[in-house]
file my_file-v9.txt (compact mmCIF, C-alpha atoms)
# COMPACT_ATOMS: atom_id res chain seq x y z
CA MET A 128 9.83 -38.97 -72.14
CA ALA A 129 12.40 -39.23 -69.37
CA GLY A 130 10.67 -41.81 -67.17
CA PRO A 131 12.34 -44.16 -64.69
CA ILE A 132 14.52 -46.85 -66.22
CA ARG A 133 13.16 -50.30 -65.37
CA ALA A 134 15.00 -53.58 -65.10
CA ASP A 135 13.10 -55.10 -68.01
CA ASP A 136 13.64 -52.13 -70.35
CA THR A 137 15.54 -52.89 -73.52
CA ALA A 138 18.74 -50.99 -74.26
CA GLN A 139 16.82 -48.86 -76.74
CA ASP A 140 14.18 -48.02 -74.10
CA ARG A 141 16.92 -47.05 -71.69
CA ILE A 142 18.60 -44.75 -74.21
CA THR A 143 15.26 -43.12 -74.95
CA LYS A 144 14.86 -42.41 -71.25
CA LEU A 145 18.22 -40.64 -71.19
CA LEU A 146 17.31 -38.16 -73.90
CA PRO A 147 14.96 -35.51 -72.49
CA ALA A 148 12.74 -34.80 -75.49
CA ASP A 149 10.14 -33.01 -73.36
CA VAL A 150 12.38 -30.31 -71.85
CA THR A 151 14.32 -29.99 -75.11
CA ALA A 152 11.06 -29.36 -76.97
CA ALA A 153 10.07 -26.79 -74.35
CA PHE A 154 13.37 -24.97 -74.82
CA LEU A 155 13.06 -25.10 -78.61
CA SER A 156 9.58 -23.56 -78.44
CA ALA A 157 10.74 -20.88 -76.02
CA LYS A 158 13.77 -20.03 -78.17
CA THR A 159 11.64 -19.73 -81.32
CA ALA A 160 9.16 -17.46 -79.54
CA LEU A 161 11.89 -15.28 -78.00
CA VAL A 162 13.68 -14.82 -81.34
CA ALA A 163 10.37 -13.92 -82.98
CA LEU A 164 9.72 -11.35 -80.24
CA PHE A 165 13.14 -9.86 -79.64
CA GLY A 166 15.00 -10.50 -82.90
CA GLU A 167 18.74 -9.94 -82.62
CA HIS A 168 18.30 -8.94 -78.95
CA ALA A 169 16.94 -12.36 -77.99
CA ALA A 170 20.29 -13.84 -76.92
CA THR A 171 20.10 -12.79 -73.25
CA TYR A 172 16.52 -14.01 -72.88
CA VAL A 173 17.30 -17.33 -74.60
CA PHE A 174 20.38 -17.92 -72.45
CA TRP A 175 18.57 -17.26 -69.17
CA THR A 176 15.59 -19.34 -70.29
CA PHE A 177 18.06 -22.18 -70.78
CA VAL A 178 19.47 -21.62 -67.29
CA ALA A 179 15.96 -21.51 -65.79
CA ILE A 180 14.95 -24.77 -67.48
CA LEU A 181 18.20 -26.38 -66.36
CA VAL A 182 17.52 -25.37 -62.74
CA ILE A 183 13.96 -26.72 -62.93
CA CYS A 184 15.08 -29.97 -64.62
CA PRO A 185 15.99 -32.05 -61.51
CA PHE A 186 12.67 -31.24 -59.84
CA TYR A 187 10.79 -31.97 -63.06
CA PHE A 188 12.54 -35.31 -63.55
CA TRP A 189 12.14 -36.29 -59.90
CA PHE A 190 8.51 -35.31 -59.29
CA VAL A 191 6.89 -35.37 -62.73
CA THR A 192 8.61 -38.10 -64.72
CA LYS A 193 9.42 -40.08 -61.55
CA ALA A 194 13.02 -40.63 -62.60
CA LYS A 195 14.52 -40.93 -59.13
CA ASN A 196 18.03 -42.07 -59.88
CA VAL A 197 20.69 -39.39 -59.47
CA LEU A 198 22.84 -40.86 -62.26
CA GLN A 199 19.91 -40.80 -64.67
CA ILE A 200 18.93 -37.26 -63.70
CA GLY A 201 22.51 -36.09 -64.08
CA PHE A 202 22.78 -37.62 -67.52
CA LEU A 203 19.40 -36.20 -68.55
CA MET A 204 20.56 -32.72 -67.52
CA LEU A 205 23.80 -33.10 -69.46
CA SER A 206 21.78 -34.29 -72.46
CA PHE A 207 19.62 -31.18 -72.20
CA VAL A 208 22.73 -28.98 -72.15
CA VAL A 209 24.09 -30.71 -75.27
CA PHE A 210 20.88 -30.34 -77.24
CA ALA A 211 20.24 -26.79 -75.99
CA VAL A 212 23.66 -25.69 -77.26
CA SER A 213 22.83 -27.26 -80.59
CA ILE A 214 19.41 -25.57 -80.76
CA ALA A 215 20.53 -22.11 -79.67
CA ASP A 216 24.22 -21.98 -80.60
CA THR A 217 23.80 -18.61 -82.32
CA GLN A 218 22.15 -17.03 -79.28
CA PHE A 219 24.66 -18.58 -76.88
CA ILE A 220 27.53 -17.18 -78.96
CA ALA A 221 25.87 -13.75 -79.05
CA TYR A 222 25.41 -13.76 -75.27
CA LEU A 223 28.84 -15.15 -74.37
CA GLN A 224 30.77 -12.87 -76.70
CA LYS A 225 29.18 -9.88 -75.00
CA LEU A 226 30.71 -11.21 -71.77
CA PHE A 227 34.05 -12.09 -73.38
CA PRO A 228 34.51 -9.73 -76.33
CA GLN A 229 38.23 -10.49 -76.69
CA SER A 230 37.74 -14.24 -76.99
CA GLU A 231 38.57 -14.93 -80.63
CA ASN A 232 37.81 -18.64 -80.70
CA LEU A 233 34.54 -18.65 -78.79
CA GLU A 234 32.35 -18.71 -81.89
CA ALA A 235 34.34 -21.50 -83.55
CA ILE A 236 34.30 -23.59 -80.35
CA VAL A 237 30.55 -23.25 -79.77
CA ARG A 238 29.67 -23.84 -83.44
CA THR A 239 31.85 -26.95 -83.62
CA THR A 240 30.49 -28.27 -80.34
CA ALA A 241 26.91 -27.58 -81.44
CA SER A 242 27.31 -29.53 -84.66
CA ILE A 243 29.37 -32.51 -83.51
CA LEU A 244 28.49 -33.20 -79.89
CA PRO A 245 24.74 -34.01 -80.27
CA ILE A 246 25.54 -36.72 -82.81
CA LEU A 247 28.21 -38.23 -80.58
CA TRP A 248 25.92 -37.88 -77.59
CA ALA A 249 22.91 -39.62 -79.11
CA PHE A 250 24.71 -42.37 -80.98
CA LEU A 251 27.79 -43.08 -78.90
CA ILE A 252 27.96 -41.54 -75.43
CA SER A 253 24.40 -42.53 -74.47
CA GLN A 254 25.03 -46.10 -75.61
CA ILE A 255 28.26 -46.33 -73.62
CA PHE A 256 26.53 -44.81 -70.59
CA VAL A 257 23.68 -47.32 -70.78
CA ALA A 258 26.09 -50.21 -71.18
CA ALA A 259 28.16 -49.04 -68.21
CA PHE A 260 25.49 -47.82 -65.80
CA GLY A 261 22.15 -49.12 -67.15
CA ASP A 262 21.72 -51.70 -64.44
CA LYS A 263 22.65 -49.28 -61.66
CA MET A 264 19.94 -46.89 -62.81
CA ALA A 265 17.24 -49.55 -63.23
CA VAL A 266 14.44 -49.84 -60.67
CA SER A 267 12.72 -53.18 -60.08
CA ASP A 268 9.01 -53.54 -60.87
CA THR A 269 8.67 -56.48 -58.53
CA PRO A 270 6.04 -55.60 -55.88
CA GLY A 271 7.11 -55.89 -52.26
CA PRO A 272 5.46 -58.25 -49.75
CA ALA A 273 1.86 -57.42 -48.80
CA GLY A 274 1.66 -54.96 -46.01
CA ALA A 275 5.26 -53.90 -46.38
CA HIS A 276 6.00 -50.17 -45.82
CA MET B 24 65.55 -10.46 -77.26
CA LYS B 25 62.77 -12.97 -77.67
CA HIS B 26 61.43 -12.13 -74.20
CA SER B 27 61.43 -8.39 -74.83
CA SER B 28 59.54 -8.89 -78.15
CA ALA B 29 56.98 -11.07 -76.40
CA ALA B 30 56.58 -8.49 -73.63
CA LEU B 31 56.14 -5.71 -76.17
CA GLY B 32 53.57 -7.80 -78.05
CA LEU B 33 51.69 -8.51 -74.84
CA MET B 34 51.69 -4.82 -73.90
CA ALA B 35 50.43 -3.89 -77.38
CA ALA B 36 47.67 -6.51 -77.12
CA LEU B 37 46.65 -5.25 -73.67
CA TRP B 38 46.68 -1.65 -74.88
CA LEU B 39 44.57 -2.58 -77.92
CA SER B 40 42.08 -4.55 -75.84
CA SER B 41 41.73 -1.74 -73.30
CA ALA B 42 41.34 0.79 -76.13
CA HIS B 43 38.56 -1.29 -77.67
CA ALA B 44 36.93 -1.74 -74.29
CA GLN B 45 36.99 2.03 -73.73
CA GLU B 46 35.29 2.53 -77.07
CA ASN B 47 32.70 -0.12 -76.19
CA CYS B 48 33.59 -2.13 -79.24
CA ALA B 49 31.80 -5.45 -79.61
CA ARG B 50 31.71 -8.34 -82.00
CA PRO B 51 28.81 -8.35 -84.46
CA THR B 52 25.76 -10.18 -83.10
CA PRO B 53 25.26 -13.54 -84.83
CA VAL B 54 21.75 -14.39 -85.99
CA ASP B 55 20.29 -17.51 -87.57
CA SER B 56 19.02 -15.60 -90.60
CA LEU B 57 18.48 -12.05 -91.89
CA GLY B 58 14.79 -12.45 -90.97
CA ASP B 59 15.76 -12.53 -87.28
CA ILE B 60 17.05 -8.94 -87.43
CA LYS B 61 14.24 -6.68 -86.26
CA PHE B 62 15.82 -3.58 -84.70
CA ASN B 63 18.72 -2.75 -87.03
CA TYR B 64 18.99 -2.11 -90.75
CA LEU B 65 22.56 -3.20 -91.38
CA ALA B 66 23.79 -6.80 -91.50
CA LEU B 67 27.03 -8.49 -92.35
CA LYS B 68 27.36 -11.86 -94.07
CA SER B 69 30.38 -14.13 -93.92
CA PRO B 70 30.70 -17.32 -95.97
CA HIS B 71 29.18 -19.26 -93.04
CA ASN B 72 27.22 -16.90 -90.80
CA THR B 73 25.01 -13.82 -90.65
CA TYR B 74 25.44 -10.95 -88.19
CA ALA B 75 23.41 -7.94 -87.11
CA ILE B 76 25.35 -4.68 -86.80
CA ASP B 77 23.92 -3.39 -83.55
CA ASN B 78 26.88 -1.41 -82.22
CA HIS B 79 28.75 1.61 -83.52
CA CYS B 80 32.13 0.00 -82.96
CA ILE B 81 32.53 -3.55 -84.23
CA LEU B 82 35.44 -5.96 -83.84
CA ILE B 83 35.97 -7.98 -87.01
CA ASN B 84 37.80 -11.29 -86.94
CA ARG B 85 39.83 -11.56 -90.13
CA ARG B 86 39.54 -15.35 -90.12
CA GLU B 87 35.78 -14.97 -90.45
CA PHE B 88 36.07 -12.16 -93.04
CA PRO B 89 39.34 -12.80 -94.91
CA LYS B 90 38.87 -10.68 -98.05
CA ILE B 91 35.58 -8.86 -98.08
CA LEU B 92 32.94 -7.33 -95.82
CA SER B 93 29.61 -8.26 -97.43
CA PHE B 94 27.04 -5.87 -96.00
CA VAL B 95 23.31 -6.07 -96.46
CA VAL B 96 20.90 -3.17 -96.01
CA LEU B 97 17.60 -4.52 -94.71
CA PRO B 98 14.18 -3.19 -95.73
CA VAL B 99 12.80 -0.34 -93.62
CA GLY B 100 9.43 1.30 -93.91
CA SER B 101 9.39 4.69 -95.63
CA SER B 102 6.87 7.07 -97.13
CA SER B 103 9.03 7.79 -100.16
CA THR B 104 8.94 5.31 -103.01
CA THR B 105 12.65 5.38 -103.75
CA ALA B 106 15.48 5.07 -101.26
CA ALA B 107 18.86 6.53 -102.15
CA LEU B 108 21.72 5.48 -99.94
CA TYR B 109 24.99 7.41 -99.96
CA ILE B 110 27.87 5.54 -98.35
CA LYS B 111 31.37 6.68 -97.50
CA SER B 112 33.82 3.97 -96.46
CA TYR B 113 37.16 5.14 -95.08
CA ARG B 114 39.62 2.24 -95.02
CA THR B 115 42.81 2.65 -93.03
CA PHE B 116 45.75 0.59 -94.31
CA SER B 117 49.04 -0.42 -92.73
CA ASN B 118 50.75 0.61 -95.98
CA SER B 119 50.11 3.29 -98.57
CA PRO B 120 47.27 2.27 -100.93
CA PRO B 121 47.53 3.14 -104.64
CA TYR B 122 44.33 5.23 -104.79
CA ARG B 123 43.00 7.86 -102.41
CA ILE B 124 39.37 7.85 -103.60
CA LYS B 125 37.35 5.17 -105.35
CA LEU B 126 33.77 5.29 -106.57
CA SER B 127 31.00 2.72 -106.89
CA ARG B 128 27.41 2.96 -108.06
CA GLY B 129 24.65 0.35 -108.06
CA ASP B 130 21.84 -0.18 -110.57
CA GLY B 131 18.94 2.19 -111.17
CA TRP B 132 20.70 5.57 -111.38
CA TYR B 133 19.90 8.07 -114.14
CA LEU B 134 21.71 10.89 -115.86
CA SER B 135 20.67 13.17 -118.69
CA ASP B 136 23.29 14.68 -120.91
CA SER B 137 21.23 14.69 -124.09
CA SER B 138 19.90 17.96 -125.47
CA ASP B 139 16.27 17.01 -124.78
CA GLY B 140 17.06 16.33 -121.12
CA THR B 141 15.82 12.74 -121.14
CA ALA B 142 17.25 10.75 -118.24
CA THR B 143 18.91 7.49 -119.23
CA ALA B 144 19.79 4.57 -116.96
CA GLN B 145 23.47 4.41 -116.07
CA ASN B 146 25.67 1.34 -115.89
CA ARG B 147 26.98 0.05 -112.58
CA LEU B 148 30.32 1.34 -111.47
CA ASP B 149 32.54 -0.89 -109.33
CA ASP B 150 35.50 0.51 -107.42
CA LYS B 151 36.55 2.98 -110.12
CA PRO B 152 39.51 5.14 -109.01
CA TYR B 153 39.18 8.93 -108.93
CA THR B 154 42.33 10.29 -110.49
CA GLY B 155 42.25 13.85 -109.13
CA THR B 156 43.68 15.02 -105.82
CA ILE B 157 41.91 15.27 -102.47
CA GLN B 158 42.02 19.06 -102.81
CA ASP B 159 40.33 18.84 -106.25
CA TRP B 160 37.70 16.53 -104.82
CA ASN B 161 36.84 18.81 -101.90
CA ALA B 162 36.95 21.93 -104.07
CA ALA B 163 34.39 20.35 -106.40
CA TYR B 164 31.94 20.13 -103.50
CA SER B 165 32.40 23.70 -102.31
CA THR B 166 29.45 24.80 -104.43
CA ALA B 167 26.15 23.16 -105.29
CA GLY B 168 25.51 21.64 -108.69
CA THR B 169 23.69 19.00 -110.70
CA PRO B 170 25.14 15.55 -111.44
CA LEU B 171 26.17 16.88 -114.84
CA ASP B 172 28.06 19.75 -113.21
CA PHE B 173 29.89 17.24 -111.02
CA LYS B 174 30.68 15.08 -114.03
CA ASP B 175 32.62 18.03 -115.39
CA ARG B 176 34.20 18.97 -112.07
CA LEU B 177 35.32 15.45 -111.07
CA LYS B 178 36.03 14.28 -114.63
CA ILE B 179 34.12 11.12 -113.92
CA ARG B 180 30.56 10.08 -114.68
CA TRP B 181 29.49 9.02 -111.19
CA HIS B 182 26.90 11.34 -109.63
CA ALA B 183 23.38 10.70 -110.88
CA TYR B 184 19.66 10.90 -110.17
CA ALA B 185 17.88 8.19 -108.20
CA ASP B 186 14.75 8.54 -110.36
CA ASP B 187 14.09 9.19 -114.01
CA GLN B 188 12.09 12.31 -113.10
CA LYS B 189 15.36 13.80 -111.78
CA THR B 190 13.88 14.83 -108.45
CA MET B 191 16.46 13.04 -106.26
CA SER B 192 20.07 13.79 -106.98
CA SER B 193 23.15 12.37 -105.28
CA THR B 194 24.42 15.97 -105.23
CA ASP B 195 21.52 17.38 -103.22
CA ASP B 196 23.86 17.81 -100.23
CA PRO B 197 27.33 18.42 -101.74
CA THR B 198 29.00 19.01 -98.37
CA TYR B 199 28.27 15.37 -97.41
CA TRP B 200 30.80 14.21 -100.01
CA THR B 201 33.72 16.29 -98.73
CA THR B 202 36.37 14.20 -97.00
CA LYS B 203 37.02 13.98 -93.25
CA ALA B 204 39.60 16.57 -92.29
CA ASP B 205 41.43 14.22 -89.89
CA PHE B 206 41.69 11.21 -92.20
CA ASP B 207 45.23 10.24 -93.21
CA PHE B 208 45.00 9.64 -96.96
CA SER B 209 48.65 8.57 -97.08
CA HIS B 210 47.42 5.39 -95.33
CA GLY B 211 43.83 5.30 -96.40
CA THR B 212 41.23 5.18 -99.14
CA LEU B 213 37.77 6.68 -99.29
CA THR B 214 35.32 4.59 -101.29
CA ALA B 215 32.03 6.32 -102.03
CA TYR B 216 28.94 4.33 -103.03
CA LEU B 217 25.61 5.29 -104.54
CA LEU B 218 22.87 2.72 -103.89
CA ARG B 219 19.28 3.07 -104.96
CA PHE B 220 16.31 0.78 -104.41
CA PRO B 221 12.50 0.87 -104.01
CA SER B 222 11.98 1.76 -100.34
CA ASN B 223 9.08 -0.70 -99.99
CA SER B 224 11.27 -3.52 -101.30
CA GLN B 225 11.49 -6.57 -99.09
CA THR B 226 14.74 -7.57 -100.76
CA PRO B 227 17.94 -6.98 -98.76
CA ILE B 228 20.33 -4.71 -100.66
CA PRO B 229 23.97 -5.89 -100.72
CA PHE B 230 27.17 -3.85 -100.90
CA ASN B 231 30.76 -4.94 -100.41
CA ILE B 232 33.85 -3.42 -98.88
CA TYR B 233 37.10 -5.03 -99.98
CA LEU B 234 39.30 -6.06 -97.11
CA GLN B 235 42.86 -6.31 -98.33
CA ASP B 236 45.34 -7.88 -95.93
CA GLU B 237 46.66 -4.42 -95.03
CA VAL B 238 43.27 -2.98 -93.97
CA LEU B 239 43.28 -2.19 -90.24
CA ARG B 240 40.04 -0.35 -89.85
CA VAL B 241 36.95 0.75 -91.76
CA ASP B 242 34.90 3.82 -90.90
CA LEU B 243 31.50 3.65 -92.52
CA ILE B 244 29.17 6.63 -92.89
CA LEU B 245 25.70 6.20 -94.33
CA ASN B 246 23.30 8.93 -95.38
CA SER B 247 19.94 8.59 -97.08
CA ASN B 248 16.69 10.31 -97.89
CA VAL B 249 15.19 7.60 -95.64
CA GLU B 250 16.11 8.86 -92.18
CA ALA B 251 16.27 5.38 -90.63
CA LEU B 252 19.12 4.45 -92.99
CA ALA B 253 21.65 6.94 -91.67
CA GLY B 254 24.45 6.15 -89.26
CA GLU B 255 28.15 5.92 -88.55
CA TYR B 256 30.05 2.72 -87.75
CA LYS B 257 33.63 1.76 -87.05
CA PHE B 258 35.02 -1.69 -87.83
CA ILE B 259 38.30 -2.71 -86.21
CA ILE B 260 39.97 -5.57 -88.10
CA HIS B 261 42.17 -7.96 -86.15

call {"tool": "encode", "arguments": {"input": "my_file-v9.txt", "output": "structure tokens"}}
result
Amino acid sequence: MAGPIRADDTAQDRITKLLPADVTAAFLSAKTALVALFGEHAATYVFWTFVAILVICPFYFWFVTKAKNVLQIGFLMLSFVVFAVSIADTQFIAYLQKLFPQSENLEAIVRTTASILPILWAFLISQIFVAAFGDKMAVSDTPGPAGAH
Amino acid sequence: MKHSSAALGLMAALWLSSAHAQENCARPTPVDSLGDIKFNYLALKSPHNTYAIDNHCILINRREFPKILSFVVLPVGSSSTTAALYIKSYRTFSNSPPYRIKLSRGDGWYLSDSSDGTATAQNRLDDKPYTGTIQDWNAAYSTAGTPLDFKDRLKIRWHAYADDQKTMSSTDDPTYWTTKADFDFSHGTLTAYLLRFPSNSQTPIPFNIYLQDEVLRVDLILNSNVEALAGEYKFIIH
């Protein structure tokens, strides 16, 4: 769950908080349901469901999971994009090639991205991001002085 | 010289793309599996991916389909127990192909040429050339006849019955098999297929169209006793 990163979190905890399992699971469920309902015509619905979730993401992270660091929210949203492309690469290709029918390499680009990027993202990019910006994203648990506002 | 060739190439590409756009050609719709196809009966499989054919004009990327178009006919509900599918594939080549007409037949077809009239199962036939002329071929279909009649007319054992009771014949509508008047056989081949399968089968039925390097376009016409399995499609290879 994408909660706020705390100063005493381990590196592993911090990485976990940069991978939005909750919204990714929501998108996976929605995609499965839409494909079951609309079959080969599901691409448009899946793509716009992805866009809708992406738009809702910052509000969800800010108000629900209480992750109130812009860097963390930005990275969480990018993580969602990476995993969404991996989950629904077929539907994304179907939707995008309707928009760009002459693009010959679109399918190869999306398929390659969908298979390679999530692995790099989870095992390399997240780690580098935590090492570089982990402390900037961390909030202190230390309570303020009594009566402070 | 180089610049003029490049300009000509660019103009040709623009003309082709605008022509395809005018025809509303689209790439085949990728799906995760055949089970995801719910509103169409024709699918295409490449070595890596599966596609639904949900448009009447399809752009085919030769890198994805280098040598063969592997089609799959998906199960459709029908009241008849046997589905017979009659396919005509007109391939347009950039050169002159060696044969004008080729014939294929799947499993489960019957013919009776014994004196007692008993229907016997026929062997598969894969891409067998018809050696007569286009005029001979069309003349053979000018009158109705049984599969045995057409065996004599075409000099090839191809037409048959889809059931051993001999109630469904591939020659029931002889005019279907006549060739398109506007097709240029000096740069093209018609391949005709007979496919037969139980109409309540849940098994996808495959058939292949060979895609030699010189093939530019494939026009596919399907006809069947199952109404849902009829249609016409155009595949532009690039």

call {"tool": "interface_residues", "arguments": {"input": "my_file-v9.txt", "of": "chain B", "to": "chain A", "cutoff": "9 Å", "atoms": "all atoms listed in the file", "output": "mmCIF file with C-alpha atoms, in the frame of the given file"}}
result
data_model
loop_
_atom_site.group_PDB
_atom_site.id
_atom_site.type_symbol
_atom_site.label_atom_id
_atom_site.label_comp_id
_atom_site.auth_asym_id
_atom_site.auth_seq_id
_atom_site.Cartn_x
_atom_site.Cartn_y
_atom_site.Cartn_z
ATOM 1 C CA SER B 40 42.080 -4.550 -75.840
ATOM 2 C CA ALA B 44 36.930 -1.740 -74.290
ATOM 3 C CA CYS B 48 33.590 -2.130 -79.240
ATOM 4 C CA ALA B 49 31.800 -5.450 -79.610
ATOM 5 C CA ARG B 50 31.710 -8.340 -82.000
ATOM 6 C CA PRO B 51 28.810 -8.350 -84.460
ATOM 7 C CA THR B 52 25.760 -10.180 -83.100
ATOM 8 C CA PRO B 53 25.260 -13.540 -84.830
ATOM 9 C CA VAL B 54 21.750 -14.390 -85.990
ATOM 10 C CA ASP B 55 20.290 -17.510 -87.570
ATOM 11 C CA GLY B 58 14.790 -12.450 -90.970
ATOM 12 C CA ASP B 59 15.760 -12.530 -87.280
ATOM 13 C CA ILE B 60 17.050 -8.940 -87.430
ATOM 14 C CA LYS B 61 14.240 -6.680 -86.260
ATOM 15 C CA PHE B 62 15.820 -3.580 -84.700
ATOM 16 C CA ASN B 63 18.720 -2.750 -87.030
ATOM 17 C CA TYR B 74 25.440 -10.950 -88.190
ATOM 18 C CA ALA B 75 23.410 -7.940 -87.110
ATOM 19 C CA ASP B 77 23.920 -3.390 -83.550
ATOM 20 C CA LEU B 82 35.440 -5.960 -83.840
ATOM 21 C CA ASN B 84 37.800 -11.290 -86.940
#

call {"tool": "atom_distance", "arguments": {"input": "my_file-v9.txt", "atom1": "atom CA of Ala142 of chain B", "atom2": "atom CA of Ser165 of chain B"}}
result
25.5 Å

call {"tool": "residues_around", "arguments": {"input": "my_file-v9.txt", "residues": "segment 172-181 of chain B", "least_positions_apart": "3", "cutoff": "7 Å", "atoms": "all atoms listed in the file", "output": "ChimeraX atom specification"}}
result
/B:160,163,168-169

call {"tool": "atom_distance", "arguments": {"input": "my_file-v9.txt", "atom1": "atom CA of Asp205 of chain B", "atom2": "atom CA of Arg123 of chain B"}}
result
14.1 Å

call {"tool": "residues_around", "arguments": {"input": "my_file-v9.txt", "residues": "segment 198-213 of chain A", "least_positions_apart": "4", "cutoff": "7 Å", "atoms": "all atoms listed in the file", "output": "list in words"}}
result
Leu145, Leu146, Pro147, Thr151, Leu181, Cys184, Pro185, Phe188, Ala194, Ala241, Ser242, Leu244, Pro245 and Met264 of chain A

call {"tool": "residues_near_point", "arguments": {"input": "my_file-v9.txt", "point": "(17.6, 15.6, -120.3)", "cutoff": "12 Å", "atoms": "only C-alpha atoms", "output": "PyMOL selection string"}}
result
chain B and resi 133-144+169-171+184+187-189

call {"tool": "atom_distance", "arguments": {"input": "my_file-v9.txt", "atom1": "atom CA of Asn248 of chain B", "atom2": "atom CA of Gln145 of chain B"}}
result
20.3 Å

call {"tool": "closest_residue", "arguments": {"input": "my_file-v9.txt", "among": "A:Pro131, A:Arg238, A:Val150, A:Thr137", "to": "Val257 of chain A", "atoms": "all atoms listed in the file"}}
result
A:Thr137

call {"tool": "closest_residue", "arguments": {"input": "my_file-v9.txt", "among": "B:Leu57, B:Ser192, B:Asn47, B:Leu108", "to": "Glu250 of chain B", "atoms": "only C-alpha atoms"}}
result
B:Leu108

call {"tool": "residues_around", "arguments": {"input": "my_file-v9.txt", "residues": "Ile83 of chain B", "least_positions_apart": "5", "cutoff": "8 Å", "atoms": "only C-alpha atoms", "output": "list of chain:residue names"}}
result
B:Arg50, B:Pro51, B:Phe88, B:Phe258, B:Ile259, B:Ile260, B:His261

call {"tool": "closest_residue", "arguments": {"input": "my_file-v9.txt", "among": "B:Phe94, B:Phe206, B:Tyr216, B:Trp200", "to": "Lys125 of chain B", "atoms": "only C-alpha atoms"}}
result
B:Tyr216

call {"tool": "closest_residue", "arguments": {"input": "my_file-v9.txt", "among": "B:Phe230, B:Tyr199, B:Tyr256, B:Phe220", "to": "Ser103 of chain B", "atoms": "all atoms listed in the file"}}
result
B:Phe220

call {"tool": "closest_residue", "arguments": {"input": "my_file-v9.txt", "among": "A:Phe256, A:Phe177, A:Tyr172, A:Trp189", "to": "Ala138 of chain A", "atoms": "only C-alpha atoms"}}
result
A:Phe256

call {"tool": "closest_residue", "arguments": {"input": "my_file-v9.txt", "among": "B:Ala204, B:Ser222, B:Gly129, B:Ser69", "to": "Val249 of chain B", "atoms": "all atoms listed in the file"}}
result
B:Ser222

call {"tool": "residues_around", "arguments": {"input": "my_file-v9.txt", "residues": "Asp149 of chain B", "least_positions_apart": "2", "cutoff": "12 Å", "atoms": "all atoms listed in the file", "output": "list in words"}}
result
Lys125, Leu126, Ser127, Arg128, Gly129, Asp130, Asn146, Arg147, Lys151, Pro152, Tyr153, Trp181, Thr214, Ala215, Tyr216, Leu217, Leu218, Phe230, Asn231, Ile232 and Tyr233 of chain B

call {"tool": "write_last_selection", "arguments": {"input": "my_file-v9.txt", "atoms": "C-alpha atoms", "output": "tab-separated table (two decimals), in the coordinates of the input"}}
result
chain	number	residue	atom	x	y	z
B	125	LYS	CA	37.35	5.17	-105.35
B	126	LEU	CA	33.77	5.29	-106.57
B	127	SER	CA	31.00	2.72	-106.89
B	128	ARG	CA	27.41	2.96	-108.06
B	129	GLY	CA	24.65	0.35	-108.06
B	130	ASP	CA	21.84	-0.18	-110.57
B	146	ASN	CA	25.67	1.34	-115.89
B	147	ARG	CA	26.98	0.05	-112.58
B	151	LYS	CA	36.55	2.98	-110.12
B	152	PRO	CA	39.51	5.14	-109.01
B	153	TYR	CA	39.18	8.93	-108.93
B	181	TRP	CA	29.49	9.02	-111.19
B	214	THR	CA	35.32	4.59	-101.29
B	215	ALA	CA	32.03	6.32	-102.03
B	216	TYR	CA	28.94	4.33	-103.03
B	217	LEU	CA	25.61	5.29	-104.54
B	218	LEU	CA	22.87	2.72	-103.89
B	230	PHE	CA	27.17	-3.85	-100.90
B	231	ASN	CA	30.76	-4.94	-100.41
B	232	ILE	CA	33.85	-3.42	-98.88
B	233	TYR	CA	37.10	-5.03	-99.98

call {"tool": "decode", "arguments": {"input": "my_file-v9.txt", "residues": "segment 134-154 of chain A", "atoms": "C-alpha atoms", "output": "mmCIF file, in the first residue's frame"}}
result
data_model
loop_
_atom_site.group_PDB
_atom_site.id
_atom_site.type_symbol
_atom_site.label_atom_id
_atom_site.label_comp_id
_atom_site.auth_asym_id
_atom_site.auth_seq_id
_atom_site.Cartn_x
_atom_site.Cartn_y
_atom_site.Cartn_z
ATOM 1 C CA ALA A 134 12.242 8.404 8.321
ATOM 2 C CA ASP A 135 12.647 5.076 10.116
ATOM 3 C CA ASP A 136 11.432 2.968 7.164
ATOM 4 C CA THR A 137 13.939 0.495 5.798
ATOM 5 C CA ALA A 138 14.939 0.712 2.149
ATOM 6 C CA GLN A 139 12.671 -2.242 1.430
ATOM 7 C CA ASP A 140 9.724 -0.502 3.130
ATOM 8 C CA ARG A 141 10.385 2.595 1.072
ATOM 9 C CA ILE A 142 10.452 0.647 -2.199
ATOM 10 C CA THR A 143 7.198 -1.051 -1.255
ATOM 11 C CA LYS A 144 5.630 2.363 -0.756
ATOM 12 C CA LEU A 145 6.665 3.388 -4.267
ATOM 13 C CA LEU A 146 4.887 0.497 -5.962
ATOM 14 C CA PRO A 147 1.129 1.137 -5.984
ATOM 15 C CA ALA A 148 -0.227 -2.395 -5.594
ATOM 16 C CA ASP A 149 -3.715 -1.133 -4.695
ATOM 17 C CA VAL A 150 -4.412 0.932 -7.827
ATOM 18 C CA THR A 151 -2.614 -1.614 -10.004
ATOM 19 C CA ALA A 152 -4.875 -4.352 -8.628
ATOM 20 C CA ALA A 153 -7.913 -2.168 -9.274
ATOM 21 C CA PHE A 154 -6.846 -1.670 -12.880
#
